[in-house]
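Shown next: structure.cif, given as mmCIF, C-alpha atoms and all ligand atoms.
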```
data_final
loop_
_atom_site.label_atom_id
_atom_site.label_comp_id
_atom_site.auth_asym_id
_atom_site.auth_seq_id
_atom_site.Cartn_x
_atom_site.Cartn_y
_atom_site.Cartn_z
CA MET U 1 104.81 92.07 198.40
CA ARG U 2 106.66 94.37 195.99
CA SER U 3 109.15 93.05 193.48
CA SER U 4 112.85 93.76 193.91
CA HIS U 5 114.16 92.56 190.56
CA PRO U 6 115.50 95.60 188.66
CA TYR U 7 113.44 94.90 185.54
CA VAL U 8 110.24 93.42 186.96
CA SER U 9 107.57 96.11 187.26
CA LEU U 10 104.74 93.79 188.27
CA ASP U 11 102.66 94.86 191.24
CA PHE U 12 101.61 91.66 192.99
CA GLU U 13 99.60 93.58 195.57
CA LYS U 14 96.97 94.69 193.08
CA LYS U 15 93.96 92.57 192.17
CA GLY U 16 94.07 90.34 189.10
CA CYS U 17 96.80 89.57 186.56
CA SER U 18 99.74 91.89 187.14
CA VAL U 19 101.01 91.42 183.57
CA CYS U 20 97.70 92.68 182.17
CA ARG U 21 98.01 95.67 184.50
CA ILE U 22 101.54 96.66 183.47
CA ALA U 23 100.69 96.13 179.78
CA ARG U 24 97.76 98.52 180.21
CA ILE U 25 99.86 101.12 182.09
CA ARG U 26 102.52 101.00 179.36
CA ALA U 27 99.81 101.21 176.68
CA GLU U 28 98.45 104.42 178.19
CA ASN U 29 101.98 105.80 178.44
CA TRP U 30 102.66 104.77 174.82
CA VAL U 31 99.51 106.54 173.60
CA TRP U 32 100.45 109.69 175.51
CA HIS U 33 103.98 109.60 174.05
CA ILE U 34 102.70 109.14 170.47
CA LEU U 35 100.22 112.00 170.85
CA TYR U 36 102.75 114.22 172.60
CA GLU U 37 105.56 114.06 170.08
CA CYS U 38 105.02 111.55 167.27
CA THR U 39 101.84 112.60 165.45
CA GLY U 40 104.02 114.02 162.67
CA ASP U 41 106.64 111.25 162.71
CA PRO U 42 106.58 109.70 159.19
CA GLU U 43 107.55 106.22 160.41
CA VAL U 44 104.85 106.18 163.09
CA ARG U 45 102.26 107.60 160.72
CA ASP U 46 103.10 105.07 158.01
CA ARG U 47 102.69 102.19 160.46
CA PHE U 48 99.48 103.70 161.84
CA ASP U 49 98.02 104.24 158.36
CA ARG U 50 98.91 100.75 157.16
CA SER U 51 96.99 99.16 160.04
CA LEU U 52 94.09 101.58 159.40
CA GLY U 53 94.54 103.06 162.87
CA LEU U 54 94.29 101.07 166.07
CA CYS U 55 92.01 98.14 166.87
CA GLY U 56 88.66 99.05 168.47
CA PRO U 57 89.60 98.75 172.17
CA HIS U 58 92.92 100.57 171.69
CA ALA U 59 91.36 103.33 169.58
CA HIS U 60 88.90 104.01 172.41
CA LEU U 61 91.79 103.94 174.87
CA MET U 62 93.66 106.52 172.77
CA LEU U 63 90.67 108.84 172.88
CA ARG U 64 90.30 108.42 176.66
CA VAL U 65 94.00 109.14 177.27
CA ALA U 66 93.82 112.22 175.04
CA LYS U 67 90.79 113.51 176.94
CA ARG U 68 92.39 112.86 180.33
CA HIS U 69 95.74 114.57 179.65
CA PRO U 70 95.52 118.26 178.72
CA SER U 71 99.18 118.18 177.56
CA VAL U 72 98.11 116.24 174.46
CA GLY U 73 94.36 116.77 173.87
CA ILE U 74 92.22 115.23 171.14
CA GLY U 75 93.75 117.30 168.30
CA GLY U 76 96.50 114.69 167.98
CA VAL U 77 93.93 111.90 167.64
CA ALA U 78 92.16 113.90 164.92
CA ARG U 79 95.48 114.30 163.06
CA MET U 80 96.25 110.60 163.31
CA TYR U 81 92.83 109.51 162.11
CA GLU U 82 92.42 112.03 159.31
CA SER U 83 94.68 110.06 157.00
CA VAL U 84 93.03 106.75 157.86
CA LEU U 85 89.58 107.84 156.73
CA ALA U 86 90.24 107.89 152.98
CA PRO U 87 91.30 104.23 152.54
CA VAL U 88 88.47 103.04 154.79
CA GLN U 89 85.98 105.09 152.77
CA PHE U 90 87.36 103.58 149.58
CA GLU U 91 86.90 100.09 150.98
CA VAL U 92 83.28 100.80 151.94
CA GLU U 93 82.60 102.25 148.47
CA ALA U 94 84.06 99.13 146.86
CA HIS U 95 81.73 96.96 148.94
CA GLY U 96 78.75 99.11 148.01
CA ARG U 97 79.41 99.08 144.28
CA THR U 98 76.69 97.49 142.16
CA GLY U 99 77.41 95.57 139.02
CA SER U 100 78.93 92.19 138.39
CA SER U 101 80.96 90.57 141.10
CA THR U 102 83.88 90.51 138.63
CA GLU U 103 83.85 94.31 138.50
CA LEU U 104 83.59 94.50 142.26
CA TRP U 105 86.56 92.17 142.72
CA LYS U 106 88.52 94.11 140.10
CA GLY U 107 88.00 97.25 142.17
CA MET U 108 88.84 95.48 145.41
CA GLY U 109 91.89 93.87 143.79
CA ALA U 110 93.22 97.28 142.82
CA TRP U 111 92.66 98.53 146.35
CA PHE U 112 94.39 95.55 147.95
CA ARG U 113 97.37 95.90 145.62
CA HIS U 114 97.97 99.30 147.14
CA HIS U 115 96.93 98.22 150.63
CA PRO U 116 98.16 94.69 151.32
CA THR U 117 96.86 92.88 154.41
CA PRO U 118 96.93 95.48 157.18
CA PRO U 119 99.43 94.72 159.92
CA SER U 120 98.06 94.29 163.42
CA CYS U 121 97.34 97.28 165.63
CA MET U 122 100.53 98.98 166.85
CA LEU U 123 99.31 99.00 170.41
CA CYS U 124 98.40 95.29 170.37
CA THR U 125 101.98 94.62 169.25
CA GLU U 126 103.37 96.89 171.99
CA SER U 127 101.23 95.22 174.63
CA ILE U 128 102.39 91.73 173.65
CA ASP U 129 106.00 92.94 173.71
CA THR U 130 105.50 94.42 177.19
CA ALA U 131 103.93 91.21 178.47
CA ARG U 132 106.65 89.07 176.91
CA GLY U 133 109.38 91.26 178.44
CA GLN U 134 107.85 91.30 181.92
CA LEU U 135 107.25 87.55 181.84
CA TYR U 136 110.85 86.99 180.79
CA PHE U 137 112.14 88.91 183.80
CA LEU U 138 109.62 87.32 186.15
CA LEU U 139 110.76 83.87 185.04
CA GLN U 140 114.37 84.94 185.44
CA ALA U 141 113.62 86.13 188.99
CA LEU U 142 111.80 82.85 189.77
CA ARG U 143 114.87 80.92 188.64
CA GLU U 144 117.48 83.09 190.34
CA GLU U 145 115.73 83.72 193.65
CA PRO U 146 113.07 81.01 193.83
CA ASP U 147 112.29 81.28 197.57
CA ALA U 148 111.44 84.99 197.62
CA TRP U 149 109.79 85.11 194.20
CA LYS U 150 107.70 81.98 194.53
CA LEU U 151 106.36 83.27 197.83
CA ALA U 152 105.47 86.65 196.28
CA PHE U 153 103.96 85.05 193.17
CA GLU U 154 101.86 82.55 195.12
CA HIS U 155 100.46 85.29 197.34
CA SER U 156 99.44 87.31 194.29
CA ASP U 157 96.45 86.60 192.03
CA GLY U 158 98.83 84.99 189.50
CA LEU U 159 98.36 85.23 185.76
CA CYS U 160 95.45 85.16 183.36
CA VAL U 161 95.35 82.21 180.95
CA PRO U 162 96.60 84.21 177.89
CA HIS U 163 99.63 85.31 179.93
CA ILE U 164 100.39 81.92 181.48
CA LYS U 165 100.35 80.53 177.93
CA LEU U 166 102.79 83.25 176.88
CA ALA U 167 105.00 82.43 179.89
CA LEU U 168 104.97 78.71 179.03
CA ASN U 169 106.32 79.60 175.59
CA ASP U 170 109.32 81.46 176.98
CA THR U 171 112.72 79.97 176.13
CA GLN U 172 113.60 79.76 179.86
CA VAL U 173 110.64 77.44 180.42
CA TYR U 174 111.72 75.20 177.54
CA ALA U 175 115.19 75.02 179.09
CA ASP U 176 113.97 74.32 182.63
CA PRO U 177 111.40 71.52 183.08
CA SER U 178 111.11 72.23 186.82
CA LEU U 179 110.07 75.82 186.08
CA ARG U 180 107.42 74.55 183.64
CA ALA U 181 106.15 72.09 186.25
CA TYR U 182 106.01 74.87 188.84
CA LEU U 183 104.02 77.23 186.58
CA VAL U 184 101.57 74.53 185.51
CA SER U 185 101.04 73.38 189.08
CA ASP U 186 100.49 76.96 190.29
CA GLN U 187 97.94 77.58 187.52
CA ARG U 188 96.22 74.25 188.17
CA ARG U 189 95.81 75.18 191.86
CA ARG U 190 94.25 78.51 190.92
CA MET U 191 91.94 77.04 188.26
CA ASN U 192 90.78 74.25 190.60
CA ARG U 193 90.00 76.78 193.31
CA LEU U 194 88.13 78.92 190.78
CA ALA U 195 86.07 75.91 189.65
CA GLU U 196 85.21 75.09 193.29
CA ASN U 197 84.25 78.70 194.01
CA LEU U 198 82.05 78.90 190.91
CA ALA U 199 80.34 75.64 191.82
CA GLY U 200 79.88 76.86 195.41
CA PHE U 201 78.40 80.14 194.20
CA LEU U 202 75.95 78.37 191.89
CA HIS U 203 74.96 75.91 194.61
CA LYS U 204 74.23 78.75 197.03
CA GLN U 205 72.03 80.48 194.46
CA SER U 206 69.53 77.70 195.02
CA TYR U 207 66.35 78.53 196.99
CA ASN U 208 67.04 75.83 199.57
CA ALA U 209 70.68 76.81 200.26
CA TYR U 210 71.09 78.66 203.54
CA GLU U 211 74.88 78.91 203.86
CA PRO U 212 76.33 82.35 203.28
CA ILE U 213 78.26 82.94 200.05
CA ALA U 214 82.01 83.07 200.80
CA PRO U 215 84.06 86.03 199.44
CA GLY U 216 85.92 83.77 196.96
CA GLU U 217 82.58 82.43 195.67
CA ALA U 218 81.14 85.94 195.32
CA ALA U 219 84.17 86.99 193.25
CA ALA U 220 84.36 83.79 191.18
CA THR U 221 82.29 84.92 188.19
CA GLU U 222 84.37 88.03 187.71
CA GLU U 223 87.55 85.99 188.17
CA ALA U 224 86.43 83.45 185.56
CA ILE U 225 86.12 86.26 183.03
CA TRP U 226 89.50 87.89 183.66
CA ARG U 227 91.28 84.59 184.23
CA LEU U 228 90.18 83.29 180.81
CA ASN U 229 90.31 86.52 178.82
CA GLY U 230 92.70 88.89 180.53
CA MET U 231 91.89 91.96 182.60
CA GLU U 232 89.75 94.91 181.60
CA PHE U 233 90.28 98.18 183.49
CA PRO U 234 87.40 100.63 183.61
CA GLU U 235 89.62 103.44 184.89
CA LEU U 236 92.81 104.88 183.39
CA LEU U 237 95.91 103.70 185.27
CA TRP U 238 98.85 105.76 184.05
CA ARG U 239 99.58 109.10 185.67
CA GLU U 240 101.46 111.75 183.72
CA GLU U 241 104.74 112.65 185.44
CA PRO U 242 104.76 116.35 186.30
CA TYR U 243 108.44 116.76 185.37
CA LEU U 244 107.62 116.13 181.73
CA HIS U 245 105.94 119.52 181.58
CA VAL U 246 109.14 121.22 182.73
CA ALA U 247 111.82 119.11 181.11
CA HIS U 248 110.59 118.89 177.54
CA PRO U 249 111.69 121.97 175.53
CA SER U 250 108.74 121.79 173.11
CA GLN U 251 106.44 122.19 176.08
CA GLN U 252 107.86 125.56 177.08
CA GLY U 253 105.54 128.45 176.40
CA ARG U 254 102.66 126.10 175.66
CA PRO U 255 99.45 127.16 177.41
CA GLN U 256 98.64 124.78 180.29
ZN ZN U 301 97.08 88.85 182.03
ZN ZN U 302 95.09 96.90 169.58
#
```
As structure tokens, the full file:
Amino acid sequence: MRSSHPYVSLDFEKKGCSVCRIARIRAENWVWHILYECTGDPEVRDRFDRSLGLCGPHAHLMLRVAKRHPSVGIGGVARMYESVLAPVQFEVEAHGRTGSSTELWKGMGAWFRHHPTPPSCMLCTESIDTARGQLYFLLQALREEPDAWKLAFEHSDGLCVPHIKLALNDTQVYADPSLRAYLVSDQRRRMNRLAENLAGFLHKQSYNAYEPIAPGEAAATEEAIWRLNGMEFPELLWREEPYLHVAHPSQQGRPQ
């Protein structure tokens, strides 16, 4: 069932946590946007440099998006990462310096004075903001149109544990005990079913078990991983909108 709330972009028909999915789609779109028109933006570059680039998973995602979309290409990634290399090299050199630990810490102290604790990865921050925003509107929809939205939500795969925790911290949940009870009960039902399916799968692995493995049991191991940790998507999800090639003036005359 598709959502009809104007601000909820969750696709309940797709497998797994729909908040993870929209966060990933927006992350790919965000990377494309940064590479398309912000590689020279001083504010973006400053933030990027201070966090020493992106975290590992998001850095790899950036590279994959750049390779997939010819409108950006990997030149933008090279530009972004060029300025991150020097401070990282300095840090490695400081670690490799011989001599007394006092001298080493003096060197490191000087480095940290100029580079205080790096902020978290920009894309991690964006992804949490996306999730928080979508959960806010989902909770709003569940409160305003409970019949339709509860039905749609219950027929979906629900939320991963990191995202149900985020939902339970929303101000609407603090203000509405019945909404909290509903979310906890929905998650409990899903987790209990998962535990039963995992136990059933393990039982049927035994040499003397002859019953066929049910579909839910076959999928339980994979579900345990995404349910506890969030979804991982092997394929890219965001598709570049063709109109962007036509509408953006800087794109005109650019070889395709
Ligand atoms: Zn999730
Ligand atoms: Zn990240």
Throw together the list of residues within 9 Å of ligand ZN 301 (chain U), counting all atoms listed in the file, and drop it here as a PyMOL selection string. chain U and resi 16-21+23+131+158-164+226-231
Prev. selection, C-alpha atoms, output as an mmCIF file, in the frame of the given file:
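Listing of result-v1.cif after writing:
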```
data_model
loop_
_atom_site.group_PDB
_atom_site.id
_atom_site.type_symbol
_atom_site.label_atom_id
_atom_site.label_comp_id
_atom_site.auth_asym_id
_atom_site.auth_seq_id
_atom_site.Cartn_x
_atom_site.Cartn_y
_atom_site.Cartn_z
ATOM 1 C CA GLY U 16 94.070 90.340 189.100
ATOM 2 C CA CYS U 17 96.800 89.570 186.560
ATOM 3 C CA SER U 18 99.740 91.890 187.140
ATOM 4 C CA VAL U 19 101.010 91.420 183.570
ATOM 5 C CA CYS U 20 97.700 92.680 182.170
ATOM 6 C CA ARG U 21 98.010 95.670 184.500
ATOM 7 C CA ALA U 23 100.690 96.130 179.780
ATOM 8 C CA ALA U 131 103.930 91.210 178.470
ATOM 9 C CA GLY U 158 98.830 84.990 189.500
ATOM 10 C CA LEU U 159 98.360 85.230 185.760
ATOM 11 C CA CYS U 160 95.450 85.160 183.360
ATOM 12 C CA VAL U 161 95.350 82.210 180.950
ATOM 13 C CA PRO U 162 96.600 84.210 177.890
ATOM 14 C CA HIS U 163 99.630 85.310 179.930
ATOM 15 C CA ILE U 164 100.390 81.920 181.480
ATOM 16 C CA TRP U 226 89.500 87.890 183.660
ATOM 17 C CA ARG U 227 91.280 84.590 184.230
ATOM 18 C CA LEU U 228 90.180 83.290 180.810
ATOM 19 C CA ASN U 229 90.310 86.520 178.820
ATOM 20 C CA GLY U 230 92.700 88.890 180.530
ATOM 21 C CA MET U 231 91.890 91.960 182.600
#
```
Excluding U:Leu52 and any residue of its chain fewer than 4 positions from it, enumerate the residues within 8 Å of it, using only C-alpha atoms, and give them as a PyMOL selection string. chain U and resi 48+84+87-88+118
Got a sec to check which residues lie within 8 Å of ligand ZN 302 (chain U), using all atoms listed in the file, and send them as a PDB file with C-alpha atoms, keeping the file's coordinate frame?
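This went into result36.pdb:
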```
ATOM      1  CA  LEU U  54      94.290 101.070 166.070  1.00  0.00           C
ATOM      2  CA  CYS U  55      92.010  98.140 166.870  1.00  0.00           C
ATOM      3  CA  GLY U  56      88.660  99.050 168.470  1.00  0.00           C
ATOM      4  CA  PRO U  57      89.600  98.750 172.170  1.00  0.00           C
ATOM      5  CA  HIS U  58      92.920 100.570 171.690  1.00  0.00           C
ATOM      6  CA  ALA U  59      91.360 103.330 169.580  1.00  0.00           C
ATOM      7  CA  SER U 120      98.060  94.290 163.420  1.00  0.00           C
ATOM      8  CA  CYS U 121      97.340  97.280 165.630  1.00  0.00           C
ATOM      9  CA  MET U 122     100.530  98.980 166.850  1.00  0.00           C
ATOM     10  CA  LEU U 123      99.310  99.000 170.410  1.00  0.00           C
ATOM     11  CA  CYS U 124      98.400  95.290 170.370  1.00  0.00           C
ATOM     12  CA  THR U 125     101.980  94.620 169.250  1.00  0.00           C
TER      13      THR U 125
END
```
Could you pull the residues within 8 Å of U:Arg26, counting only C-alpha atoms, minus those fewer than 2 positions along the same chain, as an mmCIF file with C-alpha atoms, in the frame of the given file?
```cif
data_model
loop_
_atom_site.group_PDB
_atom_site.id
_atom_site.type_symbol
_atom_site.label_atom_id
_atom_site.label_comp_id
_atom_site.auth_asym_id
_atom_site.auth_seq_id
_atom_site.Cartn_x
_atom_site.Cartn_y
_atom_site.Cartn_z
ATOM 1 C CA ILE U 22 101.540 96.660 183.470
ATOM 2 C CA ALA U 23 100.690 96.130 179.780
ATOM 3 C CA ARG U 24 97.760 98.520 180.210
ATOM 4 C CA GLU U 28 98.450 104.420 178.190
ATOM 5 C CA ASN U 29 101.980 105.800 178.440
ATOM 6 C CA TRP U 30 102.660 104.770 174.820
ATOM 7 C CA SER U 127 101.230 95.220 174.630
ATOM 8 C CA THR U 130 105.500 94.420 177.190
ATOM 9 C CA TRP U 238 98.850 105.760 184.050
#
```
Nearest residue to U:Lys14 out of U:Pro70, U:Ala199, U:His155, U:Glu43, using all atoms listed in the file?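 Selected residue with least distance to U:Lys14: U:His155.
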